[in-house]
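Chemist: What follows is a structure written as structure tokens; I'll ask about it next.
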Amino acid sequence: MKMVKSLLLGTAAGLVAMTGAQAADLPVKAKPVQYVKICSLYGAGFFYIPGTDTCIKFGGYARSEWLENSGGSFNPTINGANAQETRAQNSLISRSRFLTTWDVRSQTEYGTLRAYTRAGFQWTTGDSIDGGSGATLYVDRAFVQLGGWTFGKTESFYNMSLADFGYTNLTAALFNDTSGSGVPVLAYTAQFGNGLSASLSLEDHFENEMAIFNIGAGAGALTVANFNTLNTTSGVGGNPTSSAAGTKVPDLVANFRVDQAWGSAQIEGALHNDSATYYNTTIGTTAHPSDALGYAVGGGLKVNLPMLGKSDSVGVSANYCSGAVGYCANQNGVNTSTMFGLVRSGTVGVGWVADAAYNSTTSGSLELSKAWNVNGGIQHYWASNWNTSLWGAYFNYKANSNAIDTIICPGLTPALGAGCMDFSAWQVGSRTVWQPVTNLDVSLEVLYTRVKSAESGAAITGANGTAAVLTAGDVGAFSGVLRFQRNFWP
């Protein structure tokens, strides 16, 4: 009996030991893994952030381009040192850019909550060779949306973009398209169904602010010399100083829009406060012109043409601006004035823009300038992987200032009559895009710009590398862009 008991205990101990050894050899149970899950609520490219109900999409592009008589996209060389046809001119430059986008969305009881950013890094000929402080970091989109509300930097609600037709086209001085730059807004959009919507937006005043000219003979006032000397770096007049006051109130923008299968259409308007600093720069001066209200109105239409090609389209847009020229012209910089300073063979095409002017010698009020433009384009797909567009634009500016007519115009050589600062310009261009493989764009664009000069016939003091005296007159110039761009999710 004792022997049987010992045998049973030994057997049990062996089984326990063997079971423990087998358990030690078994794999440990893995913790649950959260796999990336496709989010189909908002279209292709979105996925859920693991562990949340929030969807995100990344996108962007890498770009390389060579530019002839152009400072980059939307920027033909029509003023500044590179428009002066001297040996110091950089007629050929290159640019490299990387852009990334983040689109984050989730559903709430108030509608879709969305955050979107688009930012990039850029290097252009003349920047720091190692991409340091001279290179550009920029943000053209950074906004939050909830339901119909939009807060942050995005395309202006005034904008009826036709930028699909070209790179240096309708935003190239003669039309202000903010689709490639953005503007800070606080806006609400109401949807009425069937593609109809209306928006009301408060937008950053500074983004569409042009110069205000203080004309006279007192301290700080602009004279003939301020306009009629060619500066070797900044263009005609060295970009005459603006007397615009600081930003106090936003612009008020409204639109009514329709987006349907056939295309889209929009009418828009904007109110823009014009205010100046003082009548002179003497210490203790507080007198200044009263503020004035500028405005802009416009509209546009874009129609799809499936009868010509699957993605063919045609578009047209027009605007009228009074004391709010920034809605009619892209100055490539706020609160500036020199729009044209194009030098060719002893002739200079001149054009200054300002929201207003005033006579400081008589304590005059603000006199609002006037401008209008019209532009349009058509795009045709020869095949699914290559297309060509053709477009044009016209811009007309009138200073509309008694101060300029009575002080500046008679002081020119030779003396000119009223309206001497008025000018117009037109552009025509074409772009062809080829996709040899998916998401790679190879494109070539050519553009011609022609300015009917302000101060036509007047003498302009020249600069190093030009004639000693230039004559204001009509001139034109070609620009070109060769671009290679690899796209991923936008």
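Following the order of the structure tokens, first chain is A, next is B, and so on, with residues numbered from 1 inside each chain and ligands from 1 in the order they appear.
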Which of region 136-284 of chain A end up as strand (DSSP E) when DSSP is run on this backbone - answer as an NGL selection string?
Modeler: :A and (136-146 or 149-154 or 183-193 or 196-203 or 212-215 or 230-231 or 235-236 or 251-260 or 263-274)
Chemist: List every residue of region 102-216 of chain A that has an atom at most 12 Å from any atom of region 222-240 of chain A, giving for each one its closest atom pair and the distance in Å to one decimal, counting only C-alpha atoms, sorted by chain and then by ascending residue number, as JSON lines.
Modeler:
{"residue": "A:Met210", "atom": "CA", "partner": "A:Asn239", "partner_atom": "CA", "distance": 11.6}
{"residue": "A:Ala211", "atom": "CA", "partner": "A:Pro240", "partner_atom": "CA", "distance": 8.6}
{"residue": "A:Ile212", "atom": "CA", "partner": "A:Pro240", "partner_atom": "CA", "distance": 9.8}
{"residue": "A:Phe213", "atom": "CA", "partner": "A:Leu222", "partner_atom": "CA", "distance": 7.1}
{"residue": "A:Asn214", "atom": "CA", "partner": "A:Leu222", "partner_atom": "CA", "distance": 5.8}
{"residue": "A:Ile215", "atom": "CA", "partner": "A:Leu222", "partner_atom": "CA", "distance": 5.0}
{"residue": "A:Gly216", "atom": "CA", "partner": "A:Leu222", "partner_atom": "CA", "distance": 6.1}
Chemist: Using the selection just defined, write its residues with N, CA and C atoms as a JSON list (two decimals), in the first residue's frame.
Modeler:
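Resulting contents of again32.json:
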[["chain", "number", "residue", "atom", "x", "y", "z"],
["A", 210, "MET", "N", -4.36, 98.15, -51.30],
["A", 210, "MET", "CA", -3.40, 98.79, -52.19],
["A", 210, "MET", "C", -2.94, 100.11, -51.57],
["A", 211, "ALA", "N", -2.01, 100.77, -52.25],
["A", 211, "ALA", "CA", -1.47, 102.01, -51.72],
["A", 211, "ALA", "C", -2.51, 103.12, -51.68],
["A", 212, "ILE", "N", -2.30, 104.10, -50.84],
["A", 212, "ILE", "CA", -3.02, 105.37, -50.86],
["A", 212, "ILE", "C", -1.97, 106.46, -51.02],
["A", 213, "PHE", "N", -2.12, 107.28, -52.07],
["A", 213, "PHE", "CA", -1.11, 108.28, -52.41],
["A", 213, "PHE", "C", -1.40, 109.62, -51.74],
["A", 214, "ASN", "N", -0.42, 110.12, -51.01],
["A", 214, "ASN", "CA", -0.44, 111.47, -50.45],
["A", 214, "ASN", "C", 0.24, 112.39, -51.46],
["A", 215, "ILE", "N", -0.54, 113.16, -52.21],
["A", 215, "ILE", "CA", -0.01, 114.01, -53.27],
["A", 215, "ILE", "C", 0.08, 115.45, -52.77],
["A", 216, "GLY", "N", 1.23, 116.08, -52.97],
["A", 216, "GLY", "CA", 1.38, 117.47, -52.53],
["A", 216, "GLY", "C", 2.83, 117.88, -52.49]]
Chemist: At a cut-off of 10 Å, using only C-alpha atoms, what residues contact Val249 (chain A)? Leave out same-chain residues fewer than 3 positions from it and give the result as a PyMOL selection string.
Modeler: chain A and resi 202-206+246+252+272-273
Chemist: Any chance you could export the current selection's N, CA and C atoms as a PDB file, in the first residue's frame?
Modeler:
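Generated output (selection22.pdb):
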ATOM      1  N   LEU A 202     -16.273  87.819 -43.383  1.00  0.00           N
ATOM      2  CA  LEU A 202     -15.373  88.881 -42.957  1.00  0.00           C
ATOM      3  C   LEU A 202     -13.967  88.449 -43.323  1.00  0.00           C
ATOM      4  N   GLU A 203     -13.248  89.274 -44.119  1.00  0.00           N
ATOM      5  CA  GLU A 203     -11.953  88.859 -44.642  1.00  0.00           C
ATOM      6  C   GLU A 203     -10.877  89.895 -44.337  1.00  0.00           C
ATOM      7  N   ASP A 204      -9.657  89.403 -44.196  1.00  0.00           N
ATOM      8  CA  ASP A 204      -8.530  90.242 -43.810  1.00  0.00           C
ATOM      9  C   ASP A 204      -8.372  91.433 -44.760  1.00  0.00           C
ATOM     10  N   HIS A 205      -8.479  92.633 -44.224  1.00  0.00           N
ATOM     11  CA  HIS A 205      -8.392  93.861 -45.005  1.00  0.00           C
ATOM     12  C   HIS A 205      -7.025  94.009 -45.668  1.00  0.00           C
ATOM     13  N   PHE A 206      -5.972  93.645 -44.957  1.00  0.00           N
ATOM     14  CA  PHE A 206      -4.604  93.868 -45.416  1.00  0.00           C
ATOM     15  C   PHE A 206      -4.295  93.094 -46.686  1.00  0.00           C
ATOM     16  N   GLY A 246      -3.250 101.910 -40.793  1.00  0.00           N
ATOM     17  CA  GLY A 246      -3.256 100.524 -40.359  1.00  0.00           C
ATOM     18  C   GLY A 246      -4.639  99.901 -40.443  1.00  0.00           C
ATOM     19  N   LEU A 252     -15.894  93.165 -45.923  1.00  0.00           N
ATOM     20  CA  LEU A 252     -17.130  92.389 -45.899  1.00  0.00           C
ATOM     21  C   LEU A 252     -17.387  91.860 -47.309  1.00  0.00           C
ATOM     22  N   HIS A 272     -14.794  97.619 -48.734  1.00  0.00           N
ATOM     23  CA  HIS A 272     -13.391  97.755 -48.332  1.00  0.00           C
ATOM     24  C   HIS A 272     -13.160  99.159 -47.773  1.00  0.00           C
ATOM     25  N   ASN A 273     -12.744  99.267 -46.524  1.00  0.00           N
ATOM     26  CA  ASN A 273     -12.508 100.563 -45.896  1.00  0.00           C
ATOM     27  C   ASN A 273     -11.202 101.185 -46.391  1.00  0.00           C
TER      28      ASN A 273
END
Chemist: I'd like to know which of A:Val442, A:Leu137, A:Val258, A:Val253 is closest to Gln191 (chain A), using only C-alpha atoms.
Modeler: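 Nearest candidate to Gln191 (chain A) out of A:Val442, A:Leu137, A:Val258, A:Val253: A:Val258.
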Chemist: Would you compute the distance between CA of Tyr320 (chain A) and CA of Asn159 (chain A)? Give it in Å to one decimal.
Modeler: 13.2 Å
Chemist: Can you list, as number ranges by chain, every protein, DNA or RNA residue that comes within 9 Å of region 291-306 of chain A when you count only C-alpha atoms, leaving out same-chain residues fewer than 2 positions away?
Modeler: A: 158-162, 261-276, 288-289, 308-325, 327-328, 355, 365-368, 380
Chemist: Write the residues of the selection above to a file with C-alpha atoms, as a PDB file, in the first residue's frame.
Modeler:
ATOM      1  CA  TYR A 158     -15.224  86.823 -53.458  1.00  0.00           C
ATOM      2  CA  ASN A 159     -13.175  84.596 -55.714  1.00  0.00           C
ATOM      3  CA  MET A 160     -14.500  82.924 -58.856  1.00  0.00           C
ATOM      4  CA  SER A 161     -11.372  80.983 -59.745  1.00  0.00           C
ATOM      5  CA  LEU A 162     -10.363  80.266 -63.341  1.00  0.00           C
ATOM      6  CA  ALA A 261     -23.308  69.041 -63.308  1.00  0.00           C
ATOM      7  CA  TRP A 262     -23.183  71.584 -66.140  1.00  0.00           C
ATOM      8  CA  GLY A 263     -20.643  73.799 -64.284  1.00  0.00           C
ATOM      9  CA  SER A 264     -20.767  76.695 -61.827  1.00  0.00           C
ATOM     10  CA  ALA A 265     -21.625  80.396 -61.638  1.00  0.00           C
ATOM     11  CA  GLN A 266     -21.234  83.087 -59.009  1.00  0.00           C
ATOM     12  CA  ILE A 267     -21.928  86.750 -58.349  1.00  0.00           C
ATOM     13  CA  GLU A 268     -19.985  88.489 -55.584  1.00  0.00           C
ATOM     14  CA  GLY A 269     -19.427  91.810 -53.844  1.00  0.00           C
ATOM     15  CA  ALA A 270     -17.030  93.314 -51.312  1.00  0.00           C
ATOM     16  CA  LEU A 271     -16.878  96.421 -49.103  1.00  0.00           C
ATOM     17  CA  HIS A 272     -13.391  97.755 -48.332  1.00  0.00           C
ATOM     18  CA  ASN A 273     -12.508 100.563 -45.896  1.00  0.00           C
ATOM     19  CA  ASP A 274     -10.074 103.183 -47.257  1.00  0.00           C
ATOM     20  CA  SER A 275      -8.204 105.208 -44.660  1.00  0.00           C
ATOM     21  CA  ALA A 276      -5.019 107.277 -44.763  1.00  0.00           C
ATOM     22  CA  HIS A 288      -5.962 113.353 -41.772  1.00  0.00           C
ATOM     23  CA  PRO A 289      -8.539 112.723 -44.500  1.00  0.00           C
ATOM     24  CA  LEU A 308     -15.906  68.355 -76.980  1.00  0.00           C
ATOM     25  CA  GLY A 309     -14.100  66.167 -74.458  1.00  0.00           C
ATOM     26  CA  LYS A 310     -14.755  64.429 -71.147  1.00  0.00           C
ATOM     27  CA  SER A 311     -13.131  67.177 -69.023  1.00  0.00           C
ATOM     28  CA  ASP A 312     -13.296  70.159 -71.399  1.00  0.00           C
ATOM     29  CA  SER A 313     -14.503  73.471 -69.999  1.00  0.00           C
ATOM     30  CA  VAL A 314     -14.817  77.192 -70.723  1.00  0.00           C
ATOM     31  CA  GLY A 315     -14.917  80.055 -68.224  1.00  0.00           C
ATOM     32  CA  VAL A 316     -15.299  83.840 -68.042  1.00  0.00           C
ATOM     33  CA  SER A 317     -15.201  86.368 -65.205  1.00  0.00           C
ATOM     34  CA  ALA A 318     -15.415  90.157 -64.800  1.00  0.00           C
ATOM     35  CA  ASN A 319     -15.054  92.677 -61.958  1.00  0.00           C
ATOM     36  CA  TYR A 320     -15.506  96.385 -61.268  1.00  0.00           C
ATOM     37  CA  CYS A 321     -13.643  98.041 -58.390  1.00  0.00           C
ATOM     38  CA  SER A 322     -13.886 101.496 -56.802  1.00  0.00           C
ATOM     39  CA  GLY A 323     -11.380 102.190 -54.042  1.00  0.00           C
ATOM     40  CA  ALA A 324     -10.832  98.428 -53.747  1.00  0.00           C
ATOM     41  CA  VAL A 325      -8.440  97.738 -56.623  1.00  0.00           C
ATOM     42  CA  TYR A 327     -10.175  92.794 -56.002  1.00  0.00           C
ATOM     43  CA  CYS A 328      -9.367  93.605 -59.636  1.00  0.00           C
ATOM     44  CA  ASP A 355      -6.967 102.489 -53.798  1.00  0.00           C
ATOM     45  CA  SER A 365     -10.493 114.160 -49.025  1.00  0.00           C
ATOM     46  CA  LEU A 366      -9.821 110.677 -50.383  1.00  0.00           C
ATOM     47  CA  GLU A 367     -10.424 110.311 -54.120  1.00  0.00           C
ATOM     48  CA  LEU A 368     -11.134 106.677 -54.978  1.00  0.00           C
ATOM     49  CA  HIS A 380      -9.499  70.904 -74.245  1.00  0.00           C
TER      50      HIS A 380
END
Chemist: Counting only C-alpha atoms, what is within 8 Å of Ser64 (chain A), bar same-chain residues fewer than 2 positions away, as a PyMOL selection string?
Modeler: chain A and resi 62+66+94-97+483-485
Chemist: Deliver the residues from the most recent selection as a file, using C-alpha atoms, as a short mmCIF file (atom, residue, chain, number, x, y, z; two decimals), in the first residue's frame.
Modeler:
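Written out: again-v5.cif:
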data_model
loop_
_atom_site.label_atom_id
_atom_site.label_comp_id
_atom_site.auth_asym_id
_atom_site.auth_seq_id
_atom_site.Cartn_x
_atom_site.Cartn_y
_atom_site.Cartn_z
CA ALA A 62 6.89 67.81 -55.43
CA TRP A 66 12.28 76.59 -65.08
CA SER A 94 14.52 77.88 -61.45
CA ARG A 95 12.27 76.93 -58.57
CA SER A 96 11.76 73.77 -56.50
CA ARG A 97 8.81 73.26 -54.17
CA ARG A 483 7.21 72.42 -65.05
CA PHE A 484 7.60 68.87 -63.77
CA GLN A 485 5.26 67.91 -60.91
#
Chemist: In Å, rounded to a single decimal, give me how far CA of Ser337 (chain A) is from CA of Ser363 (chain A).
Modeler: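 Between these atoms lies a distance of 22.2 Å.
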Chemist: Grab the CA of Gly43 (chain A) to CA of Phe143 (chain A) distance for me, in Å with one decimal place.
Modeler: 19.6 Å
Chemist: List the spatial neighbours of region 458-475 of chain A as an NGL selection string - criterion: any atom at most 10 Å away, only C-alpha atoms, same-chain residues fewer than 6 positions off excluded.
Modeler: :A and (84-89 or 225 or 227-233 or 235-237 or 341-351 or 409 or 412-416 or 420 or 423-425 or 449-452)
Chemist: Using DSSP on the backbone, list every residue of region 141-380 of chain A that comes out as alpha helix (DSSP H), and give them as a list of chain:residue names.
Modeler: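 Filtering region 141-380 of chain A down to alpha helix (DSSP H) leaves A:Val224, A:Ala225, A:Asn226, A:Phe227.
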Chemist: What's around Gly147 (chain A) at 9 Å? Count only C-alpha atoms, leave out sequence neighbours fewer than 2 positions away in its own chain, and write the answer as a list in words.
Modeler: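 Result of the neighbour search: Tyr110, Gly111, Thr112, Leu113, Arg114, Gln145, Trp149, Thr150, Tyr188 and Thr189 of chain A.
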Chemist: Determine the nearest neighbour of Gly376 (chain A) from the options A:Thr406, A:Phe175, A:Ala399, A:Thr285, counting only C-alpha atoms.
Modeler: A:Phe175
